[in-house]
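**Student:** Next up, work_6.cif (mmCIF, C-alpha atoms).
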```
data_data
loop_
_atom_site.label_atom_id
_atom_site.label_comp_id
_atom_site.auth_asym_id
_atom_site.auth_seq_id
_atom_site.Cartn_x
_atom_site.Cartn_y
_atom_site.Cartn_z
CA MET O 1 38.23 13.17 16.48
CA ILE O 2 37.38 12.07 12.92
CA SER O 3 39.10 9.12 11.31
CA HIS O 4 39.36 8.75 7.54
CA LEU O 5 38.43 5.47 5.90
CA MET O 6 38.29 4.20 2.33
CA PRO O 7 35.83 2.73 0.58
CA LEU O 8 33.69 1.36 3.40
CA ILE O 9 30.66 3.60 2.84
CA THR O 10 30.17 2.24 -0.68
CA ASN O 11 30.58 -1.36 0.43
CA LEU O 12 28.20 -0.90 3.33
CA LYS O 13 25.53 0.73 1.16
CA ASN O 14 25.79 -1.99 -1.46
CA SER O 15 25.59 -4.69 1.20
CA SER O 16 22.74 -3.22 3.22
CA SER O 17 20.66 -2.30 0.17
CA LYS O 18 19.55 -5.90 -0.18
CA SER O 19 17.80 -5.77 3.17
CA LYS O 20 17.25 -2.07 4.04
CA LEU O 21 15.83 -3.11 7.38
CA LEU O 22 15.81 0.36 8.87
CA ASN O 23 16.04 3.58 6.93
CA GLY O 24 16.01 7.25 7.76
CA PHE O 25 12.83 9.05 6.69
CA LYS O 26 11.80 12.63 6.12
CA SER O 27 15.01 13.86 7.68
CA GLY O 28 16.29 15.69 4.61
CA ALA O 29 19.19 13.25 4.32
CA ALA O 30 19.82 9.71 3.15
CA ALA O 31 20.38 7.85 6.39
CA HIS O 32 20.49 4.23 7.46
CA TYR O 33 21.06 2.12 10.56
CA ASP O 34 22.58 -1.28 9.81
CA PRO O 35 21.40 -3.68 12.55
CA ARG O 36 23.98 -6.28 11.50
CA SER O 37 27.01 -4.12 12.32
CA GLN O 38 25.37 -1.38 14.45
CA ILE O 39 26.82 1.24 12.09
CA ILE O 40 24.91 4.40 11.14
CA THR O 41 25.46 5.94 7.70
CA LEU O 42 24.64 9.53 6.70
CA ASP O 43 25.22 9.44 2.96
CA SER O 44 24.35 13.05 2.19
CA TYR O 45 27.05 14.58 4.38
CA ILE O 46 30.84 14.75 4.20
CA ARG O 47 33.35 15.86 6.80
CA GLN O 48 33.47 19.44 5.49
CA ASP O 49 29.67 19.71 5.77
CA VAL O 50 29.70 18.61 9.39
CA GLU O 51 32.50 21.03 10.31
CA GLN O 52 30.57 23.91 8.70
CA LEU O 53 27.29 22.90 10.35
CA LYS O 54 28.86 23.28 13.79
CA HIS O 55 28.82 27.04 13.26
CA ALA O 56 26.02 27.46 10.72
CA GLY O 57 22.80 26.97 12.68
CA GLY O 58 19.50 27.25 10.87
CA VAL O 59 17.62 24.71 8.78
CA LYS O 60 20.62 22.72 7.52
CA GLN O 61 21.95 22.14 11.02
CA LYS O 62 18.46 21.12 12.13
CA GLU O 63 18.15 18.62 9.26
CA PHE O 64 21.48 17.05 10.14
CA ALA O 65 20.62 16.80 13.84
CA ALA O 66 17.23 15.25 12.97
CA ALA O 67 18.88 12.58 10.80
CA VAL O 68 21.36 11.74 13.56
CA ILE O 69 18.67 11.50 16.24
CA HIS O 70 16.42 9.30 14.07
CA GLU O 71 19.15 6.73 13.50
CA PHE O 72 20.47 7.04 17.06
CA THR O 73 16.97 6.15 18.25
CA HIS O 74 17.09 2.96 16.17
CA TRP O 75 20.45 2.10 17.72
CA ILE O 76 19.24 2.78 21.27
CA ASP O 77 16.20 0.59 20.67
CA HIS O 78 18.52 -2.15 19.45
CA VAL O 79 21.10 -2.08 22.25
CA SER O 80 18.96 -1.13 25.27
CA SER O 81 15.64 -2.96 24.83
CA LEU O 82 15.00 -6.57 25.78
CA TRP O 83 13.95 -7.35 22.20
CA GLY O 84 17.13 -5.72 20.86
CA GLN O 85 19.45 -7.53 23.24
CA ARG O 86 17.89 -10.88 22.38
CA ASN O 87 18.40 -10.05 18.72
CA LEU O 88 22.03 -9.04 19.25
CA TYR O 89 22.73 -12.20 21.23
CA ALA O 90 21.26 -14.44 18.51
CA TRP O 91 23.16 -12.63 15.73
CA PHE O 92 26.57 -12.62 17.37
CA ASN O 93 26.21 -16.12 18.73
CA GLY O 94 25.74 -17.16 15.10
CA ILE O 95 28.88 -15.29 14.10
CA ALA O 96 30.83 -16.99 16.89
CA ALA O 97 29.64 -20.40 15.65
CA TRP O 98 30.78 -19.52 12.12
CA LYS O 99 34.18 -18.30 13.29
CA GLY O 100 34.64 -21.47 15.37
CA LYS O 101 34.07 -23.67 12.29
CA ASP O 102 32.33 -26.24 14.48
CA GLU O 103 29.45 -27.71 12.48
CA THR O 104 27.73 -28.94 15.65
CA ARG O 105 27.12 -25.25 16.51
CA TYR O 106 25.71 -24.29 13.09
CA PRO O 107 22.09 -24.32 14.29
CA ALA O 108 23.07 -21.01 15.90
CA VAL O 109 23.72 -19.68 12.38
CA ILE O 110 20.14 -20.41 11.35
CA ILE O 111 18.83 -18.82 14.56
CA ALA O 112 20.93 -15.73 13.76
CA ARG O 113 19.38 -15.41 10.31
CA GLN O 114 15.89 -15.99 11.62
CA SER O 115 16.42 -13.32 14.26
CA LEU O 116 17.59 -10.81 11.65
CA LYS O 117 14.70 -11.51 9.29
CA ALA O 118 12.13 -11.41 12.10
CA MET O 119 12.58 -7.64 12.38
CA LYS O 120 10.45 -7.18 9.27
CA TYR O 121 8.24 -9.44 7.26
CA ALA O 122 9.20 -10.12 3.65
CA THR O 123 7.99 -7.53 1.15
CA TYR O 124 5.57 -10.17 -0.17
CA PHE O 125 3.31 -9.45 2.79
CA SER O 126 3.08 -5.67 2.23
CA THR O 127 1.02 -4.34 -0.66
CA ILE O 128 0.21 -0.98 -2.22
CA GLU O 129 -3.00 -1.30 -4.19
CA ILE O 130 -3.66 2.31 -5.05
CA GLY O 131 -2.00 3.69 -8.16
CA ASP O 132 -2.45 7.39 -7.45
CA MET O 133 -0.52 8.35 -4.32
CA ALA O 134 -2.11 11.81 -4.35
CA GLU O 135 -5.53 10.18 -4.20
CA ALA O 136 -4.51 8.33 -1.05
CA ARG O 137 -3.24 11.55 0.51
CA LYS O 138 -6.47 13.39 -0.30
CA GLY O 139 -8.76 10.56 0.79
CA VAL O 140 -8.44 11.23 4.51
CA PRO O 141 -9.24 10.18 7.12
CA TRP O 142 -8.39 6.65 6.07
CA ARG O 143 -10.60 3.72 6.88
CA TYR O 144 -8.98 0.63 8.36
CA LYS O 145 -9.59 -3.05 9.00
CA TYR O 146 -7.53 -5.57 10.96
CA THR O 147 -7.04 -8.92 9.28
CA ALA O 148 -4.79 -11.94 9.75
CA GLY O 149 -2.81 -14.08 7.34
CA ARG O 150 -0.27 -16.83 7.76
CA ALA O 151 3.41 -17.27 7.02
CA PHE O 152 4.58 -20.06 4.71
CA ASP O 153 6.89 -22.95 5.44
CA ALA O 154 9.77 -24.02 3.18
CA HIS O 155 7.35 -26.06 1.05
CA GLY O 156 5.00 -23.13 0.41
CA ASN O 157 2.33 -24.31 2.83
CA ALA O 158 0.56 -21.79 5.05
CA LYS O 159 1.54 -22.34 8.70
CA MET O 160 -1.52 -22.33 10.92
CA GLU O 161 0.68 -21.77 13.98
CA HIS O 162 2.36 -18.66 12.49
CA PRO O 163 -0.33 -15.99 12.01
CA ILE O 164 0.50 -12.46 10.82
CA LEU O 165 -1.51 -9.41 11.87
CA PHE O 166 -2.28 -6.95 9.07
CA THR O 167 -3.83 -3.49 8.87
CA ARG O 168 -5.70 -2.90 5.61
CA PHE O 169 -6.21 0.75 4.70
CA GLN O 170 -8.83 2.36 2.47
CA THR O 171 -9.48 5.96 1.48
CA PHE O 172 -12.48 7.58 3.11
CA ALA O 173 -14.38 6.89 -0.13
CA GLY O 174 -13.61 3.17 0.25
CA LYS O 175 -10.84 2.66 -2.31
CA SER O 176 -8.25 0.09 -1.20
CA ILE O 177 -4.82 1.56 -0.40
CA GLY O 178 -2.97 -1.59 0.69
CA ARG O 179 -1.97 -3.68 3.67
CA VAL O 180 0.98 -3.73 6.05
CA PRO O 181 1.98 -6.19 8.82
CA MET O 182 2.36 -5.06 12.42
CA SER O 183 6.04 -5.94 12.81
CA VAL O 184 8.92 -5.06 15.10
CA GLY O 185 10.13 -2.85 12.26
CA ALA O 186 6.88 -0.87 12.44
CA LEU O 187 7.41 -0.32 16.18
CA LEU O 188 11.02 0.76 15.65
CA GLU O 189 9.82 3.32 13.13
CA VAL O 190 7.04 4.71 15.33
CA ASN O 191 9.66 5.21 18.06
CA ALA O 192 12.04 7.02 15.72
CA ILE O 193 9.28 9.20 14.26
CA ALA O 194 8.17 10.05 17.82
CA ALA O 195 11.73 11.20 18.50
CA ASP O 196 11.67 13.24 15.27
CA LEU O 197 8.41 14.85 16.28
CA CYS O 198 9.74 15.80 19.71
CA PHE O 199 12.68 17.44 17.95
CA ASP O 200 10.38 19.42 15.66
CA MET O 201 8.14 20.48 18.54
CA LEU O 202 11.18 21.86 20.35
CA HIS O 203 11.73 24.05 17.29
CA VAL O 204 8.14 25.32 17.69
CA ALA O 205 8.66 25.89 21.41
CA GLU O 206 11.75 28.03 20.72
CA ALA O 207 9.61 30.50 18.76
CA ALA O 208 6.98 30.51 21.51
CA GLU O 209 9.59 31.18 24.20
CA ALA O 210 10.95 34.04 22.12
CA GLY O 211 7.47 35.57 22.06
CA ASP O 212 7.25 35.37 18.25
CA LEU O 213 3.71 34.06 17.82
CA VAL O 214 3.75 34.51 14.04
CA GLU O 215 6.87 32.36 13.67
CA LYS O 216 5.41 29.85 16.14
CA GLY O 217 2.31 29.53 13.95
CA ILE O 218 4.40 29.08 10.81
CA ARG O 219 6.54 26.36 12.39
CA GLU O 220 3.52 24.63 13.92
CA LYS O 221 1.76 24.48 10.55
CA ALA O 222 4.91 23.12 8.86
CA VAL O 223 5.25 20.39 11.51
CA ASN O 224 1.58 19.46 11.19
CA ASN O 225 1.81 19.19 7.40
CA LYS O 226 5.02 17.16 7.60
CA TYR O 227 3.52 14.52 9.85
CA LEU O 228 0.19 14.46 8.03
CA ASP O 229 2.22 13.53 4.95
CA ILE O 230 3.87 10.72 6.91
CA LEU O 231 0.55 9.47 8.28
CA TYR O 232 -1.22 9.49 4.92
CA SER O 233 1.44 8.50 2.39
CA ALA O 234 0.62 5.07 0.99
CA GLU O 235 4.25 4.24 0.24
CA PHE O 236 5.31 4.86 3.85
CA VAL O 237 2.59 3.06 5.84
CA GLU O 238 5.21 1.09 7.77
CA TYR O 239 6.25 4.37 9.39
CA SER O 240 2.68 5.21 10.39
CA VAL O 241 0.79 1.94 10.94
CA ALA O 242 1.57 1.78 14.69
CA ALA O 243 0.44 5.39 15.19
CA HIS O 244 -2.73 4.71 13.19
CA CYS O 245 -3.35 1.64 15.36
CA LEU O 246 -3.35 3.67 18.55
CA ALA O 247 -5.30 6.61 17.09
CA ASN O 248 -7.99 4.19 15.91
CA SER O 249 -8.43 2.95 19.49
CA VAL O 250 -7.97 6.17 21.45
CA LYS O 251 -10.15 8.93 20.09
CA GLY O 252 -9.28 12.59 19.97
CA LEU O 253 -5.49 12.30 19.79
CA GLY O 254 -3.55 14.92 17.87
CA ILE O 255 -0.53 13.91 15.80
CA PHE O 256 1.99 14.63 18.55
CA GLU O 257 0.05 12.71 21.19
CA ALA O 258 -0.63 9.80 18.82
CA TYR O 259 3.06 9.27 18.16
CA ARG O 260 4.17 9.97 21.72
CA ARG O 261 1.71 7.55 23.27
CA ALA O 262 2.24 4.97 20.54
CA ALA O 263 5.95 5.02 21.37
CA ARG O 264 5.15 4.46 25.06
CA LEU O 265 3.18 1.28 24.30
CA SER O 266 5.73 0.22 21.68
CA GLU O 267 8.53 0.39 24.23
CA ILE O 268 6.52 -1.69 26.68
CA ALA O 269 5.86 -4.36 24.03
CA MET O 270 9.55 -4.46 23.08
CA ASN O 271 10.52 -5.03 26.71
CA LEU O 272 7.97 -7.64 27.73
CA PRO O 273 9.70 -10.56 29.50
CA SER O 274 8.97 -13.90 27.83
CA ASP O 275 6.84 -15.25 30.67
CA LEU O 276 4.36 -12.36 30.45
CA PHE O 277 3.15 -12.96 26.89
CA ASP O 278 0.88 -15.80 27.97
CA LYS O 279 -0.94 -13.44 30.34
CA ILE O 280 -2.09 -11.03 27.58
CA ARG O 281 -5.87 -10.95 27.34
CA LEU O 282 -7.71 -10.66 24.05
CA PRO O 283 -10.09 -7.68 24.17
CA LYS O 284 -13.75 -8.66 23.91
CA LYS O 285 -14.19 -6.50 20.83
CA CYS O 286 -11.55 -8.63 19.06
CA GLU O 287 -13.27 -12.02 19.39
CA PRO O 288 -12.72 -12.88 15.67
CA PHE O 289 -9.03 -13.32 16.61
CA ALA O 290 -9.79 -15.76 19.44
CA ASN O 291 -8.51 -18.85 17.59
CA LEU O 292 -5.30 -17.08 16.54
CA HIS O 293 -4.60 -15.36 19.86
CA PRO O 294 -2.79 -18.34 21.48
CA HIS O 295 -0.57 -18.76 18.41
CA PHE O 296 0.45 -15.09 18.43
CA LEU O 297 1.33 -15.35 22.12
CA LYS O 298 3.20 -18.65 21.78
CA ARG O 299 5.41 -17.03 19.13
CA ARG O 300 6.02 -14.05 21.44
CA ASP O 301 4.84 -11.75 18.63
CA ILE O 302 5.83 -8.26 19.75
CA GLY O 303 3.79 -6.47 17.08
CA TYR O 304 0.70 -8.36 18.18
CA ALA O 305 1.41 -7.57 21.84
CA TYR O 306 1.53 -3.87 20.91
CA TRP O 307 -1.78 -4.19 19.03
CA CYS O 308 -3.39 -5.78 22.09
CA LEU O 309 -2.16 -2.96 24.32
CA CYS O 310 -3.67 -0.42 21.90
CA GLN O 311 -7.03 -2.23 22.01
CA HIS O 312 -6.90 -2.23 25.82
CA ALA O 313 -5.99 1.46 26.10
CA MET O 314 -8.51 3.97 27.42
CA GLN O 315 -10.72 5.14 24.55
CA SER O 316 -10.36 8.71 25.79
CA PRO O 317 -6.80 9.84 26.59
CA ALA O 318 -6.15 10.47 30.26
CA ASN O 319 -4.62 13.77 31.29
CA ASP O 320 -1.52 12.10 32.73
CA PRO O 321 0.42 10.41 29.89
CA GLU O 322 2.73 8.78 32.45
CA MET O 323 -0.10 6.89 34.15
CA TRP O 324 -2.11 6.26 30.99
CA PRO O 325 -0.13 3.15 29.90
CA GLU O 326 -0.80 1.52 33.27
CA THR O 327 -4.50 1.30 32.46
CA ALA O 328 -3.75 -0.50 29.20
CA LEU O 329 -1.48 -2.94 31.05
CA THR O 330 -4.08 -3.66 33.73
CA ASN O 331 -6.82 -4.20 31.14
CA ALA O 332 -4.48 -6.54 29.23
CA GLY O 333 -3.87 -8.66 32.33
CA LEU O 334 -0.26 -7.54 32.67
CA PRO O 335 1.65 -6.14 35.67
CA ASN O 336 2.58 -2.48 35.89
CA THR O 337 5.50 -0.81 34.15
CA ALA O 338 7.74 -1.10 37.21
CA ALA O 339 7.32 -4.89 37.29
CA ILE O 340 7.90 -5.18 33.54
CA THR O 341 11.05 -3.06 33.86
CA LYS O 342 12.33 -5.30 36.67
CA GLY O 343 11.64 -8.48 34.68
CA ALA O 344 13.20 -7.11 31.50
CA LEU O 345 16.33 -6.03 33.38
CA SER O 346 16.67 -9.47 34.95
CA GLU O 347 16.43 -11.15 31.54
CA MET O 348 18.97 -8.71 30.06
CA LYS O 349 21.47 -9.49 32.79
CA SER O 350 20.97 -13.21 32.28
CA LEU O 351 22.17 -12.81 28.69
CA LEU O 352 25.54 -11.60 29.97
CA GLY O 353 26.24 -15.07 31.32
CA SER O 354 25.68 -16.64 27.88
CA VAL O 355 27.79 -14.47 25.58
CA PRO O 356 30.31 -16.41 23.43
CA THR O 357 34.04 -16.20 24.00
CA GLY O 358 36.58 -14.37 21.86
CA GLU O 359 36.48 -10.93 20.24
CA ILE O 360 32.84 -11.26 19.18
CA GLY O 361 31.83 -12.15 22.72
CA ALA O 362 33.80 -9.22 24.13
CA TYR O 363 32.01 -6.80 21.78
CA LEU O 364 28.60 -8.26 22.60
CA HIS O 365 29.32 -8.06 26.33
CA GLU O 366 30.36 -4.41 26.04
CA VAL O 367 27.29 -3.42 24.02
CA ILE O 368 24.82 -5.31 26.25
CA THR O 369 26.45 -3.85 29.37
CA TYR O 370 26.08 -0.34 27.95
CA GLY O 371 22.47 -1.04 27.00
CA ILE O 372 21.72 -2.28 30.50
CA SER O 373 23.19 0.91 31.98
CA VAL O 374 20.86 2.99 29.78
CA PHE O 375 17.88 0.82 30.72
CA GLU O 376 18.72 0.99 34.43
CA LYS O 377 18.74 4.79 34.32
CA HIS O 378 15.86 5.49 31.94
CA GLY O 379 13.72 2.36 32.16
CA VAL O 380 11.17 1.41 29.54
CA SER O 381 10.47 5.02 28.50
CA ARG O 382 13.71 5.74 26.69
CA ILE O 383 12.18 7.63 23.74
CA ARG O 384 10.89 10.24 26.19
CA ASP O 385 14.51 10.80 27.27
CA ILE O 386 16.19 10.28 23.89
CA TYR O 387 17.92 13.69 23.78
CA GLU O 388 19.24 13.27 27.30
CA ILE O 389 20.46 9.77 26.37
CA TYR O 390 22.19 11.13 23.27
CA HIS O 391 24.03 13.85 25.20
CA GLU O 392 25.04 11.30 27.86
CA ALA O 393 26.40 8.97 25.17
CA GLU O 394 28.26 11.86 23.55
CA ALA O 395 29.81 12.92 26.86
CA GLU O 396 30.82 9.32 27.64
CA GLY O 397 32.26 8.67 24.17
CA ARG O 398 29.56 6.05 23.48
CA ILE O 399 28.06 7.38 20.25
CA PRO O 400 27.65 4.51 17.74
CA MET O 401 30.02 4.41 14.79
CA THR O 402 28.62 6.87 12.22
CA LEU O 403 29.90 7.00 8.64
CA LEU O 404 29.59 10.00 6.34
CA GLY O 405 29.38 9.99 2.56
CA ASP O 406 33.13 10.55 2.12
CA ASP O 407 34.06 7.57 4.33
CA THR O 408 34.85 9.58 7.44
CA VAL O 409 33.74 8.45 10.87
CA LEU O 410 32.18 10.92 13.28
CA GLY O 411 33.89 11.33 16.63
CA SER O 412 32.56 10.84 20.16
CA SER O 413 33.04 7.06 19.96
CA HIS O 414 36.43 6.83 21.68
CA ALA O 415 35.23 4.98 24.79
CA TRP O 416 34.36 1.74 23.01
CA GLN O 417 37.05 -0.81 23.82
CA THR O 418 36.15 -3.59 21.38
CA ILE O 419 35.65 -1.53 18.23
CA LYS O 420 37.56 1.59 17.23
CA PRO O 421 37.14 3.95 14.26
CA ALA O 422 40.45 2.77 12.79
CA LYS O 423 39.22 -0.84 12.81
CA ILE O 424 35.66 -0.23 11.65
CA GLU O 425 36.34 -1.38 8.08
CA ASP O 426 37.69 -4.73 9.30
CA TRP O 427 34.69 -5.00 11.61
CA PHE O 428 32.16 -4.41 8.86
CA ASN O 429 33.91 -6.72 6.41
CA GLU O 430 33.75 -9.57 8.92
CA ILE O 431 30.06 -8.94 9.59
CA ASP O 432 29.33 -8.81 5.87
CA ASP O 433 31.31 -12.00 5.22
CA PHE O 434 29.19 -13.78 7.82
CA ASP O 435 25.98 -12.38 6.35
CA THR O 436 26.91 -13.67 2.90
CA TRP O 437 28.15 -17.07 4.14
CA SER O 438 25.18 -17.62 6.45
CA GLU O 439 22.75 -16.83 3.66
CA THR O 440 24.51 -19.43 1.47
CA PHE O 441 24.48 -21.94 4.31
CA GLU O 442 20.80 -21.33 4.96
CA SER O 443 19.97 -22.01 1.31
CA ALA O 444 21.91 -25.30 1.53
CA CYS O 445 19.87 -26.60 4.46
CA ILE O 446 17.27 -29.22 3.52
CA PRO O 447 13.72 -28.10 4.39
#
```
Please rewrite the model in this file as structure tokens.
**Tutor:**
Amino acid sequence: MISHLMPLITNLKNSSSKSKLLNGFKSGAAAHYDPRSQIITLDSYIRQDVEQLKHAGGVKQKEFAAAVIHEFTHWIDHVSSLWGQRNLYAWFNGIAAWKGKDETRYPAVIIARQSLKAMKYATYFSTIEIGDMAEARKGVPWRYKYTAGRAFDAHGNAKMEHPILFTRFQTFAGKSIGRVPMSVGALLEVNAIAADLCFDMLHVAEAAEAGDLVEKGIREKAVNNKYLDILYSAEFVEYSVAAHCLANSVKGLGIFEAYRRAARLSEIAMNLPSDLFDKIRLPKKCEPFANLHPHFLKRRDIGYAYWCLCQHAMQSPANDPEMWPETALTNAGLPNTAAITKGALSEMKSLLGSVPTGEIGAYLHEVITYGISVFEKHGVSRIRDIYEIYHEAEAEGRIPMTLLGDDTVLGSSHAWQTIKPAKIEDWFNEIDDFDTWSETFESACIP
């Protein structure tokens, strides 16, 4: 079923363009996941395109499927990880406070905004210092250096208790490329790119299974070039910094293994229960960060937790990628994946008892319950199973609301009880109204 809407796609694009928290990349289509409303947009396609692609096959169908999977991965990370569920709870609790018009609950509005902005650091903290992008691409392999800075308070003073971990890149010849923070956004992107890469490798495997070794070689080379461009494009370092981080610690990884294993550690970091952060050990080789280490942990900095896991990983990749993360966890002073999964699930379920009342609370409860069901079945390693998860969601009618460029909504979302395609415009407008009002309210608060 496809429902026709007017002019929501334009309004959503205009609204989300000011933040652009998560964007599709290298998929051949303009795509975006809006974490405020949990709506996916695929701007480059209209209903007629999708109907034709069902029967077309070939490259265009592959590009469309890749764009859908990339954004679906963002959505799955948001609704079925411990980090994502905390974020959803903070955001919708803020909306409930706004709808209730009770000023005593307005601190929840500020928490909602802080939770949204914590996904990515402000653009101030990311720099591109090389003018010639082609020079950066040719100057491989890149050199790197880990540094730390500090966030600023409302008065412009650096906050000693709020450190930020940076990766600074240089060309092999030593020319500075720029710096990028290790943020939750960077982890979300390494997960989505890992899903993209799995999709592309399936395309290679099809040629191999058909016995066409020439076509296999052609596809393999195309995939390799595509992801080399992602890894070594200065303007897209947010999409590659987490993969670089792991590859710099674990020698001899190819592109596929770098992204696949980076996603494994990323998923663990995004599902660490709060009480485990204080147990993370600082690797001996990272002693310069000793004074900052407690501050990173006190803030429950997920990007930093991921960086620590990379530093603790085996320097030579083990043959068994399923057991390999366990070594990193042990070295970091953390329990095994099974214990982390159990703790994360317990914390997720505890959120269910704190959801607000009313329509917003009903939606949040439904989404968190669905996310818990995915987590219970697939555990921490959801990216490994992302295609299975997608087909399960499609069969159950649990695909997230997905808008095309002509304001149509893709089907397979009929099972949601608290949001329906026919009501999606009202839903988005309410979310956008809160976003605008809460931003105004935040600016009115005295530092």
**Student:** Which residue, O:Val79, O:Met160, O:Ala173, O:Ala65, has the smallest gap to O:Asn271 when you use only C-alpha atoms?
**Tutor:** O:Val79
**Student:** Between O:Asn291, O:Asn429, O:Asn248, O:Thr440, which has the minimum distance to O:Trp142 (counting only C-alpha atoms)?
**Tutor:**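 Smallest separation from O:Trp142 among the options: O:Asn248.
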**Student:** Interatomic distance between atom CA of O:Tyr227 and atom CA of O:Glu63?
**Tutor:**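 Between these atoms lies a distance of 15.2 Å.
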**Student:** Skipping near chain neighbours, those fewer than 5 positions away, what residues fall within 9 Å of O:Leu165 using all atoms listed in the file, listed as a ChimeraX atom specification?
**Tutor:** /O:146-150,180-183,296,303-304,307
**Student:** Mind running stretch 112-160 of chain O against stretch 231-237 of chain O at 10 Å and telling me each contacting residue's nearest atom pair with the distance in Å (one decimal), counting only C-alpha atoms, chain and number ascending, as JSON lines?
**Tutor:**
```
{"residue": "O:Ser126", "atom": "CA", "partner": "O:Val237", "partner_atom": "CA", "distance": 9.5}
{"residue": "O:Thr127", "atom": "CA", "partner": "O:Glu235", "partner_atom": "CA", "distance": 9.2}
{"residue": "O:Ile128", "atom": "CA", "partner": "O:Ala234", "partner_atom": "CA", "distance": 6.9}
{"residue": "O:Glu129", "atom": "CA", "partner": "O:Ala234", "partner_atom": "CA", "distance": 9.0}
{"residue": "O:Ile130", "atom": "CA", "partner": "O:Ala234", "partner_atom": "CA", "distance": 7.9}
{"residue": "O:Gly131", "atom": "CA", "partner": "O:Ala234", "partner_atom": "CA", "distance": 9.6}
{"residue": "O:Asp132", "atom": "CA", "partner": "O:Ala234", "partner_atom": "CA", "distance": 9.3}
{"residue": "O:Met133", "atom": "CA", "partner": "O:Ala234", "partner_atom": "CA", "distance": 6.3}
{"residue": "O:Ala134", "atom": "CA", "partner": "O:Ser233", "partner_atom": "CA", "distance": 8.3}
{"residue": "O:Glu135", "atom": "CA", "partner": "O:Ala234", "partner_atom": "CA", "distance": 9.5}
{"residue": "O:Ala136", "atom": "CA", "partner": "O:Ala234", "partner_atom": "CA", "distance": 6.4}
{"residue": "O:Arg137", "atom": "CA", "partner": "O:Tyr232", "partner_atom": "CA", "distance": 5.3}
{"residue": "O:Lys138", "atom": "CA", "partner": "O:Tyr232", "partner_atom": "CA", "distance": 8.4}
{"residue": "O:Gly139", "atom": "CA", "partner": "O:Tyr232", "partner_atom": "CA", "distance": 8.7}
{"residue": "O:Val140", "atom": "CA", "partner": "O:Tyr232", "partner_atom": "CA", "distance": 7.4}
{"residue": "O:Pro141", "atom": "CA", "partner": "O:Tyr232", "partner_atom": "CA", "distance": 8.3}
{"residue": "O:Trp142", "atom": "CA", "partner": "O:Tyr232", "partner_atom": "CA", "distance": 7.8}
```
**Student:** The selected residues should be written to file as an mmCIF file, in the coordinates of the input (atoms: C-alpha atoms).
**Tutor:**
```cif
data_model
loop_
_atom_site.group_PDB
_atom_site.id
_atom_site.type_symbol
_atom_site.label_atom_id
_atom_site.label_comp_id
_atom_site.auth_asym_id
_atom_site.auth_seq_id
_atom_site.Cartn_x
_atom_site.Cartn_y
_atom_site.Cartn_z
ATOM 1 C CA SER O 126 3.080 -5.670 2.230
ATOM 2 C CA THR O 127 1.020 -4.340 -0.660
ATOM 3 C CA ILE O 128 0.210 -0.980 -2.220
ATOM 4 C CA GLU O 129 -3.000 -1.300 -4.190
ATOM 5 C CA ILE O 130 -3.660 2.310 -5.050
ATOM 6 C CA GLY O 131 -2.000 3.690 -8.160
ATOM 7 C CA ASP O 132 -2.450 7.390 -7.450
ATOM 8 C CA MET O 133 -0.520 8.350 -4.320
ATOM 9 C CA ALA O 134 -2.110 11.810 -4.350
ATOM 10 C CA GLU O 135 -5.530 10.180 -4.200
ATOM 11 C CA ALA O 136 -4.510 8.330 -1.050
ATOM 12 C CA ARG O 137 -3.240 11.550 0.510
ATOM 13 C CA LYS O 138 -6.470 13.390 -0.300
ATOM 14 C CA GLY O 139 -8.760 10.560 0.790
ATOM 15 C CA VAL O 140 -8.440 11.230 4.510
ATOM 16 C CA PRO O 141 -9.240 10.180 7.120
ATOM 17 C CA TRP O 142 -8.390 6.650 6.070
#
```
**Student:** Once the PyMOL selection byres ((chain O and resi 332) around 8) has been applied to the shown file, what residues remain in the selection, as a list in words?
**Tutor:**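 Taken on the displayed file, the PyMOL selection byres ((chain O and resi 332) around 8) yields the residues Lys279, Ile280, Arg281, Leu282, Pro283, Cys308, Leu309, His312, Ala328, Leu329, Thr330, Asn331, Gly333 and Leu334 of chain O.
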**Student:** Apply the PyMOL selection byres ((chain O and resi 186) around 9) to the structure shown and report the selected residues as a list in words.
**Tutor:**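 That expression, the PyMOL selection byres ((chain O and resi 186) around 9), corresponds here to Met119, Lys120, Pro181, Met182, Ser183, Val184, Gly185, Leu187, Leu188, Glu189, Val190, Asn191, Val237, Glu238, Tyr239, Ser240, Val241, Ala242 and Gly303 of chain O.
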